[in-house]
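Printed here is structure_6.cif (mmCIF, C-alpha atoms):
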data_my_file
#
loop_
_atom_site.group_PDB
_atom_site.id
_atom_site.type_symbol
_atom_site.label_atom_id
_atom_site.label_comp_id
_atom_site.auth_asym_id
_atom_site.auth_seq_id
_atom_site.Cartn_x
_atom_site.Cartn_y
_atom_site.Cartn_z
ATOM 1 C CA MET V 1 42.362 64.510 19.199
ATOM 2 C CA THR V 2 45.456 64.195 17.004
ATOM 3 C CA GLN V 3 45.498 62.165 13.795
ATOM 4 C CA VAL V 4 47.981 59.736 15.376
ATOM 5 C CA ARG V 5 45.684 59.116 18.320
ATOM 6 C CA ARG V 6 42.634 58.668 16.072
ATOM 7 C CA THR V 7 44.502 56.127 13.949
ATOM 8 C CA LEU V 8 45.731 54.219 17.012
ATOM 9 C CA CYS V 9 42.263 54.122 18.560
ATOM 10 C CA ALA V 10 40.652 52.836 15.388
ATOM 11 C CA ALA V 11 43.288 50.118 15.058
ATOM 12 C CA LEU V 12 42.882 49.029 18.657
ATOM 13 C CA ALA V 13 39.108 48.941 18.308
ATOM 14 C CA ALA V 14 39.399 46.748 15.232
ATOM 15 C CA VAL V 15 41.503 44.236 17.133
ATOM 16 C CA ALA V 16 39.531 44.317 20.377
ATOM 17 C CA ILE V 17 36.092 43.695 18.910
ATOM 18 C CA GLY V 18 33.381 44.339 21.427
ATOM 19 C CA ILE V 19 35.725 45.738 24.062
ATOM 20 C CA PRO V 20 35.074 49.460 24.647
ATOM 21 C CA LEU V 21 38.224 51.540 24.671
ATOM 22 C CA ALA V 22 38.025 54.690 26.819
ATOM 23 C CA GLY V 23 40.193 57.097 24.762
ATOM 24 C CA CYS V 24 38.536 56.425 21.434
ATOM 25 C CA SER V 25 34.948 57.329 22.178
ATOM 26 C CA ASP V 26 35.280 60.985 21.146
ATOM 27 C CA ASP V 27 36.420 60.159 17.605
ATOM 28 C CA ALA V 28 33.339 60.222 15.358
ATOM 29 C CA GLY V 29 35.243 58.265 12.732
ATOM 30 C CA SER V 30 36.251 55.372 14.957
ATOM 31 C CA ILE V 31 34.800 51.899 14.480
ATOM 32 C CA ASN V 32 33.190 52.087 17.923
ATOM 33 C CA ALA V 33 31.485 55.359 17.034
ATOM 34 C CA GLN V 34 30.291 53.924 13.729
ATOM 35 C CA ALA V 35 28.777 50.961 15.537
ATOM 36 C CA ARG V 36 26.936 53.279 17.925
ATOM 37 C CA SER V 37 25.666 55.520 15.116
ATOM 38 C CA GLY V 38 24.207 52.608 13.173
ATOM 39 C CA ASP V 39 24.995 54.034 9.727
ATOM 40 C CA GLN V 40 28.182 51.941 9.295
ATOM 41 C CA LYS V 41 29.801 54.429 6.921
ATOM 42 C CA GLY V 42 33.375 53.342 6.388
ATOM 43 C CA TYR V 43 32.898 50.023 8.213
ATOM 44 C CA ILE V 44 36.061 47.936 7.957
ATOM 45 C CA SER V 45 35.677 44.231 7.212
ATOM 46 C CA GLY V 46 37.877 41.425 5.950
ATOM 47 C CA ASP V 47 38.185 40.875 2.209
ATOM 48 C CA GLY V 48 37.090 37.228 2.119
ATOM 49 C CA THR V 49 40.630 35.859 2.316
ATOM 50 C CA ILE V 50 40.662 32.089 2.875
ATOM 51 C CA GLU V 51 43.294 30.612 5.193
ATOM 52 C CA ARG V 52 43.935 26.893 5.580
ATOM 53 C CA LEU V 53 46.080 25.591 8.417
ATOM 54 C CA THR V 54 47.850 22.262 8.285
ATOM 55 C CA ALA V 55 47.684 20.068 11.373
ATOM 56 C CA ALA V 56 51.212 21.190 12.280
ATOM 57 C CA GLN V 57 50.230 24.877 12.036
ATOM 58 C CA ARG V 58 47.217 24.632 14.324
ATOM 59 C CA LYS V 59 47.308 25.889 17.891
ATOM 60 C CA GLU V 60 45.716 24.339 20.954
ATOM 61 C CA PRO V 61 41.961 23.695 20.919
ATOM 62 C CA VAL V 62 39.779 26.773 21.140
ATOM 63 C CA ALA V 63 38.572 27.343 24.714
ATOM 64 C CA LEU V 64 35.238 28.814 23.662
ATOM 65 C CA GLN V 65 32.224 28.455 25.905
ATOM 66 C CA GLY V 66 29.204 30.460 26.916
ATOM 67 C CA THR V 67 25.446 30.773 26.783
ATOM 68 C CA THR V 68 23.432 30.982 23.585
ATOM 69 C CA LEU V 69 20.974 33.778 22.871
ATOM 70 C CA ASP V 70 18.252 31.305 23.854
ATOM 71 C CA GLY V 71 19.838 30.546 27.218
ATOM 72 C CA ALA V 72 21.521 27.165 26.599
ATOM 73 C CA SER V 73 25.053 26.372 27.766
ATOM 74 C CA TRP V 74 27.536 25.438 25.034
ATOM 75 C CA SER V 75 31.273 24.840 24.648
ATOM 76 C CA VAL V 76 33.698 23.732 21.968
ATOM 77 C CA ALA V 77 35.040 21.101 24.378
ATOM 78 C CA GLN V 78 31.674 19.336 24.265
ATOM 79 C CA GLN V 79 31.913 19.024 20.470
ATOM 80 C CA ARG V 80 35.084 16.894 20.316
ATOM 81 C CA GLY V 81 34.913 14.435 17.447
ATOM 82 C CA HIS V 82 32.814 16.833 15.349
ATOM 83 C CA VAL V 83 33.780 19.463 12.796
ATOM 84 C CA VAL V 84 32.579 22.853 14.074
ATOM 85 C CA VAL V 85 31.789 25.926 11.976
ATOM 86 C CA LEU V 86 31.842 29.218 13.890
ATOM 87 C CA ASN V 87 30.584 32.488 12.430
ATOM 88 C CA LEU V 88 31.310 35.807 14.153
ATOM 89 C CA TRP V 89 28.525 38.267 13.340
ATOM 90 C CA ALA V 90 26.451 41.233 14.478
ATOM 91 C CA SER V 91 23.308 42.811 13.076
ATOM 92 C CA TRP V 92 25.069 46.206 12.816
ATOM 93 C CA CYS V 93 27.661 44.714 10.435
ATOM 94 C CA PRO V 94 26.486 45.168 6.796
ATOM 95 C CA PRO V 95 28.544 42.253 5.374
ATOM 96 C CA CYS V 96 27.076 40.006 8.092
ATOM 97 C CA VAL V 97 23.566 40.895 6.962
ATOM 98 C CA GLU V 98 24.528 40.277 3.337
ATOM 99 C CA GLU V 99 26.109 36.880 3.963
ATOM 100 C CA GLN V 100 23.399 35.398 6.187
ATOM 101 C CA PRO V 101 21.319 33.823 3.364
ATOM 102 C CA ARG V 102 24.468 32.077 2.130
ATOM 103 C CA LEU V 103 25.216 30.805 5.631
ATOM 104 C CA ASN V 104 21.681 29.434 5.897
ATOM 105 C CA ALA V 105 22.198 27.612 2.595
ATOM 106 C CA LEU V 106 25.646 26.431 3.703
ATOM 107 C CA HIS V 107 24.198 24.970 6.886
ATOM 108 C CA ALA V 108 21.621 22.988 4.915
ATOM 109 C CA ALA V 109 24.205 21.730 2.405
ATOM 110 C CA VAL V 110 26.790 20.694 5.006
ATOM 111 C CA ARG V 111 24.247 18.890 7.182
ATOM 112 C CA LYS V 112 23.296 16.746 4.177
ATOM 113 C CA THR V 113 26.851 15.489 3.666
ATOM 114 C CA HIS V 114 28.064 15.771 7.291
ATOM 115 C CA PRO V 115 25.025 15.449 9.562
ATOM 116 C CA ASP V 116 27.206 15.505 12.671
ATOM 117 C CA ALA V 117 28.839 18.851 11.801
ATOM 118 C CA VAL V 118 28.096 21.604 14.337
ATOM 119 C CA PHE V 119 27.297 25.230 13.467
ATOM 120 C CA MET V 120 27.432 28.015 16.030
ATOM 121 C CA GLY V 121 27.186 31.767 15.660
ATOM 122 C CA VAL V 122 29.326 33.994 17.881
ATOM 123 C CA HIS V 123 27.851 37.394 18.595
ATOM 124 C CA ALA V 124 30.344 40.251 18.309
ATOM 125 C CA GLY V 125 28.606 42.545 20.799
ATOM 126 C CA ARG V 126 27.819 46.297 20.680
ATOM 127 C CA GLU V 127 24.087 45.647 20.745
ATOM 128 C CA SER V 128 21.659 43.988 23.115
ATOM 129 C CA SER V 129 21.041 40.271 23.076
ATOM 130 C CA ASP V 130 17.387 41.060 22.338
ATOM 131 C CA ASN V 131 18.344 42.843 19.110
ATOM 132 C CA ALA V 132 20.639 39.996 18.114
ATOM 133 C CA ARG V 133 17.925 37.441 18.896
ATOM 134 C CA ASP V 134 15.373 39.368 16.823
ATOM 135 C CA PHE V 135 17.814 39.522 13.904
ATOM 136 C CA ALA V 136 18.453 35.769 14.014
ATOM 137 C CA ARG V 137 14.764 34.941 14.185
ATOM 138 C CA ALA V 138 13.765 37.363 11.426
ATOM 139 C CA ARG V 139 16.350 35.830 9.093
ATOM 140 C CA GLN V 140 15.535 32.273 10.156
ATOM 141 C CA VAL V 141 19.104 31.458 11.183
ATOM 142 C CA PRO V 142 18.968 27.647 11.583
ATOM 143 C CA TYR V 143 21.697 27.327 14.225
ATOM 144 C CA PRO V 144 22.198 28.961 17.658
ATOM 145 C CA THR V 145 24.453 31.871 18.552
ATOM 146 C CA LEU V 146 26.605 32.422 21.621
ATOM 147 C CA ALA V 147 25.755 35.666 23.387
ATOM 148 C CA PHE V 148 28.608 38.150 23.714
ATOM 149 C CA ASP V 149 30.090 38.192 27.211
ATOM 150 C CA GLY V 150 33.471 39.886 26.766
ATOM 151 C CA GLN V 151 35.408 36.620 26.503
ATOM 152 C CA THR V 152 33.869 34.906 23.469
ATOM 153 C CA VAL V 153 35.855 36.778 20.814
ATOM 154 C CA LEU V 154 39.059 36.628 22.878
ATOM 155 C CA ALA V 155 38.760 32.826 22.930
ATOM 156 C CA LEU V 156 39.167 32.707 19.143
ATOM 157 C CA GLN V 157 42.959 33.116 19.344
ATOM 158 C CA GLY V 158 43.092 36.360 17.356
ATOM 159 C CA LYS V 159 41.670 34.660 14.267
ATOM 160 C CA ALA V 160 38.420 36.668 14.304
ATOM 161 C CA PRO V 161 39.469 40.347 14.526
ATOM 162 C CA SER V 162 36.198 41.653 13.109
ATOM 163 C CA PRO V 163 32.821 40.389 11.920
ATOM 164 C CA PRO V 164 32.069 38.659 9.727
ATOM 165 C CA THR V 165 34.613 35.890 10.157
ATOM 166 C CA THR V 166 33.967 32.172 9.689
ATOM 167 C CA LEU V 167 36.177 29.547 11.315
ATOM 168 C CA VAL V 168 36.252 25.795 10.729
ATOM 169 C CA LEU V 169 37.464 23.780 13.723
ATOM 170 C CA ASP V 170 38.813 20.285 13.380
ATOM 171 C CA LYS V 171 37.584 17.327 15.451
ATOM 172 C CA GLN V 172 39.980 18.273 18.239
ATOM 173 C CA GLY V 173 38.601 21.799 18.435
ATOM 174 C CA ARG V 174 41.556 23.481 16.718
ATOM 175 C CA ILE V 175 41.189 26.213 14.093
ATOM 176 C CA ALA V 176 41.799 24.519 10.741
ATOM 177 C CA ALA V 177 40.498 27.135 8.298
ATOM 178 C CA ARG V 178 39.244 30.702 8.208
ATOM 179 C CA VAL V 179 37.295 33.018 5.939
ATOM 180 C CA LEU V 180 38.178 36.583 6.958
ATOM 181 C CA GLY V 181 35.215 38.600 5.762
ATOM 182 C CA ALA V 182 31.867 37.710 4.263
ATOM 183 C CA VAL V 183 31.249 34.259 2.831
ATOM 184 C CA THR V 184 30.615 34.890 -0.858
ATOM 185 C CA SER V 185 30.137 31.249 -1.848
ATOM 186 C CA GLU V 186 28.777 28.494 0.352
ATOM 187 C CA ARG V 187 30.601 25.982 -1.843
ATOM 188 C CA THR V 188 33.939 27.399 -0.691
ATOM 189 C CA VAL V 189 33.215 26.805 2.987
ATOM 190 C CA GLN V 190 31.639 23.442 2.247
ATOM 191 C CA ASP V 191 34.916 22.376 0.618
ATOM 192 C CA LEU V 192 36.794 23.482 3.747
ATOM 193 C CA VAL V 193 34.444 21.445 5.917
ATOM 194 C CA ASP V 194 34.799 18.429 3.596
ATOM 195 C CA ASP V 195 38.583 18.565 3.857
ATOM 196 C CA VAL V 196 38.581 18.828 7.650
ATOM 197 C CA ALA V 197 35.936 16.115 8.023
ATOM 198 C CA LYS V 198 38.169 13.657 6.126
ATOM 199 C CA GLU V 199 40.920 14.026 8.706
ATOM 200 C CA ALA V 200 41.333 11.434 11.408
ATOM 201 C CA GLY V 201 39.774 12.450 14.695
#

Can I see the file as structure tokens?
Amino acid sequence: MTQVRRTLCAALAAVAIGIPLAGCSDDAGSINAQARSGDQKGYISGDGTIERLTAAQRKEPVALQGTTLDGASWSVAQQRGHVVVLNLWASWCPPCVEEQPRLNALHAAVRKTHPDAVFMGVHAGRESSDNARDFARARQVPYPTLAFDGQTVLALQGKAPSPPTTLVLDKQGRIAARVLGAVTSERTVQDLVDDVAKEAG
């Protein structure tokens, strides 16, 4: 495989999280191959950049729906009138593992000030639902997670190119803020939630 093809395959895999790409599987350095190997050497993640979107900058509501790891149906449309925090994660993603205690603390803090706020994990795929379920239970994740079904990540309007990514949706279901990469401070995301919660529904 040429260097150009390896580079293109890695870039496409980074964008199409969880979607196997047939021409990239023979590159041992690709993100897909790293996920399969489990060692995560060279894993590419966001740098924690925070993005805030004004009401005028936001797109249409996110059309995210699916079944949780525990078998319950869920959709963003059912959460209208509530601020929603989505976290894209996978157990094979080292920054996801590192940030989980902060997300647990964030959930507790936000529910004290905004008891109607909704948290939902979004599984990024590349492992079985059983493995993902075991990870969530072992780390006492206090909110459910949507199982990966090939459409969940695509429904996030390109705002979650790789795990971990955290999105804050406004009361209409539109993406209002994003943390691209691991959450390093729960206070930062809590401030984002506070700002969105103050907006008129």

Next on the checklist: Env of segment 46-56 of chain V: 6 Å cut, atoms = all atoms listed in the file, seq-sep filter 5 positions within chain, self excluded. Answer as a ChimeraX atom specification.
Outcome noted: /V:176-182

I need the chosen residues saved as a short mmCIF file (atom, residue, chain, number, x, y, z; two decimals), in the frame of the given file, with C-alpha atoms.
data_model
loop_
_atom_site.label_atom_id
_atom_site.label_comp_id
_atom_site.auth_asym_id
_atom_site.auth_seq_id
_atom_site.Cartn_x
_atom_site.Cartn_y
_atom_site.Cartn_z
CA ALA V 176 41.80 24.52 10.74
CA ALA V 177 40.50 27.14 8.30
CA ARG V 178 39.24 30.70 8.21
CA VAL V 179 37.30 33.02 5.94
CA LEU V 180 38.18 36.58 6.96
CA GLY V 181 35.22 38.60 5.76
CA ALA V 182 31.87 37.71 4.26
#

Next on the checklist: Using all atoms listed in the file for the distances, tell me which of V:Asn131, V:Gln190, V:Thr166, V:Gln79 is nearest to Ala63 of chain V.
Outcome noted: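 Answer, going by the shortest atom-to-atom distance: V:Gln79.
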
Checklist entry - What is the atom CA of Val62 of chain V-atom CA of Pro164 of chain V distance in Å, reported with one decimal? => result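 Atom CA of Pro164 of chain V lies at a distance of 18.2 Å from atom CA of Val62 of chain V.
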
Checklist entry - Skipping near chain neighbours, those fewer than 4 positions away, what residues fall within 12 Å of Gly66 of chain V using all atoms listed in the file, listed as JSON, numbers by chain? => result {"V": [70, 71, 72, 73, 74, 75, 76, 77, 78, 120, 121, 122, 123, 144, 145, 146, 147, 148, 149, 150, 151, 152, 153, 155]}

Item to check | 7 Å contact set for Ala197 of chain V, only C-alpha atoms, chain neighbours under 3 positions out, as a PyMOL selection string | outcome: chain V and resi 83+193-194

For the file shown, what are the residues hit by the PyMOL selection byres ((chain V and resi 93) around 8), laid out as a short mmCIF file (atom, residue, chain, number, x, y, z; two decimals) with C-alpha atoms, in the coordinates of the input?
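Heads up, here's the output in selection_0.cif:
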data_model
loop_
_atom_site.label_atom_id
_atom_site.label_comp_id
_atom_site.auth_asym_id
_atom_site.auth_seq_id
_atom_site.Cartn_x
_atom_site.Cartn_y
_atom_site.Cartn_z
CA GLN V 40 28.18 51.94 9.30
CA TYR V 43 32.90 50.02 8.21
CA TRP V 89 28.52 38.27 13.34
CA ALA V 90 26.45 41.23 14.48
CA SER V 91 23.31 42.81 13.08
CA TRP V 92 25.07 46.21 12.82
CA PRO V 94 26.49 45.17 6.80
CA PRO V 95 28.54 42.25 5.37
CA CYS V 96 27.08 40.01 8.09
CA VAL V 97 23.57 40.90 6.96
CA PRO V 163 32.82 40.39 11.92
CA PRO V 164 32.07 38.66 9.73
#

Checklist entry - Taking (26.4, 20.2, 8.1) in the file's coordinates, which residues come within 10 Å, counting all atoms listed in the file, written as JSON, numbers by chain? => result {"V": [83, 84, 85, 106, 107, 108, 109, 110, 111, 112, 113, 114, 115, 116, 117, 118, 119, 190, 193, 194]}

How big is the axis-aligned box around the listed atoms of segment 91-94 of chain V once 5 Å is added on each side, and where is its centre? Give both in Å to one decimal, as AutoDock Vina command-line options.
--center_x 25.5 --center_y 44.5 --center_z 9.9 --size_x 14.4 --size_y 13.4 --size_z 16.3

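From atom CA of Arg133 of chain V back to atom CA of Asn87 of chain V, the distance works out to 15.1 Å.
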
Repaired coordinates for segment 83-94 of chain V (all heavy atoms) as a compact mmCIF listing (two decimals), in the frame of the given file:
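The result, written out as part.txt:
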# COMPACT_ATOMS: atom_id res chain seq x y z
N VAL V 83 33.33 18.23 13.44
CA VAL V 83 33.78 19.46 12.80
C VAL V 83 32.83 20.58 13.23
O VAL V 83 31.60 20.39 13.25
CB VAL V 83 33.78 19.34 11.26
CG1 VAL V 83 34.17 20.67 10.61
CG2 VAL V 83 34.73 18.23 10.83
N VAL V 84 33.39 21.73 13.60
CA VAL V 84 32.58 22.85 14.07
C VAL V 84 32.80 24.06 13.17
O VAL V 84 33.95 24.40 12.85
CB VAL V 84 32.94 23.22 15.53
CG1 VAL V 84 32.14 24.45 16.00
CG2 VAL V 84 32.69 22.04 16.46
N VAL V 85 31.72 24.69 12.76
CA VAL V 85 31.79 25.93 11.98
C VAL V 85 31.31 27.06 12.87
O VAL V 85 30.18 27.04 13.37
CB VAL V 85 30.92 25.84 10.71
CG1 VAL V 85 30.99 27.15 9.92
CG2 VAL V 85 31.35 24.66 9.83
N LEU V 86 32.18 28.05 13.08
CA LEU V 86 31.84 29.22 13.89
C LEU V 86 31.75 30.44 12.99
O LEU V 86 32.60 30.63 12.12
CB LEU V 86 32.92 29.47 14.95
CG LEU V 86 33.20 28.36 15.97
CD1 LEU V 86 34.39 28.76 16.84
CD2 LEU V 86 31.98 28.09 16.82
N ASN V 87 30.73 31.25 13.21
CA ASN V 87 30.58 32.49 12.43
C ASN V 87 30.41 33.67 13.37
O ASN V 87 29.44 33.74 14.13
CB ASN V 87 29.40 32.40 11.48
CG ASN V 87 29.16 33.71 10.73
OD1 ASN V 87 28.25 34.46 11.06
ND2 ASN V 87 29.99 33.97 9.74
N LEU V 88 31.38 34.58 13.36
CA LEU V 88 31.31 35.81 14.15
C LEU V 88 30.47 36.83 13.40
O LEU V 88 30.78 37.16 12.25
CB LEU V 88 32.72 36.35 14.40
CG LEU V 88 32.82 37.65 15.20
CD1 LEU V 88 32.45 37.41 16.67
CD2 LEU V 88 34.23 38.23 15.10
N TRP V 89 29.43 37.36 14.05
CA TRP V 89 28.52 38.27 13.34
C TRP V 89 27.91 39.27 14.31
O TRP V 89 28.00 39.14 15.53
CB TRP V 89 27.40 37.48 12.67
CG TRP V 89 26.43 36.84 13.63
CD1 TRP V 89 26.58 35.61 14.21
CD2 TRP V 89 25.22 37.39 14.15
NE1 TRP V 89 25.52 35.36 15.05
CE2 TRP V 89 24.67 36.43 15.04
CE3 TRP V 89 24.53 38.58 13.94
CZ2 TRP V 89 23.47 36.65 15.71
CZ3 TRP V 89 23.34 38.80 14.62
CH2 TRP V 89 22.82 37.84 15.48
N ALA V 90 27.26 40.27 13.73
CA ALA V 90 26.45 41.23 14.48
C ALA V 90 25.47 41.85 13.50
O ALA V 90 25.76 41.97 12.30
CB ALA V 90 27.33 42.31 15.11
N SER V 91 24.32 42.26 13.98
CA SER V 91 23.31 42.81 13.08
C SER V 91 23.69 44.19 12.56
O SER V 91 23.18 44.63 11.54
CB SER V 91 21.95 42.88 13.79
OG SER V 91 21.95 43.85 14.81
N TRP V 92 24.64 44.88 13.26
CA TRP V 92 25.07 46.21 12.82
C TRP V 92 26.17 46.13 11.76
O TRP V 92 26.65 47.17 11.28
CB TRP V 92 25.54 47.06 14.00
CG TRP V 92 26.48 46.37 14.95
CD1 TRP V 92 26.19 45.84 16.16
CD2 TRP V 92 27.90 46.15 14.78
NE1 TRP V 92 27.30 45.30 16.76
CE2 TRP V 92 28.37 45.48 15.93
CE3 TRP V 92 28.81 46.47 13.77
CZ2 TRP V 92 29.70 45.11 16.10
CZ3 TRP V 92 30.13 46.10 13.92
CH2 TRP V 92 30.57 45.43 15.08
N CYS V 93 26.57 44.93 11.40
CA CYS V 93 27.66 44.71 10.44
C CYS V 93 27.05 44.43 9.06
O CYS V 93 26.49 43.35 8.85
CB CYS V 93 28.52 43.55 10.94
SG CYS V 93 29.41 42.62 9.69
N PRO V 94 27.12 45.36 8.10
CA PRO V 94 26.49 45.17 6.80
C PRO V 94 26.89 43.89 6.07
O PRO V 94 26.03 43.19 5.53
CB PRO V 94 26.91 46.42 6.01
CG PRO V 94 27.14 47.45 7.06
CD PRO V 94 27.72 46.71 8.23
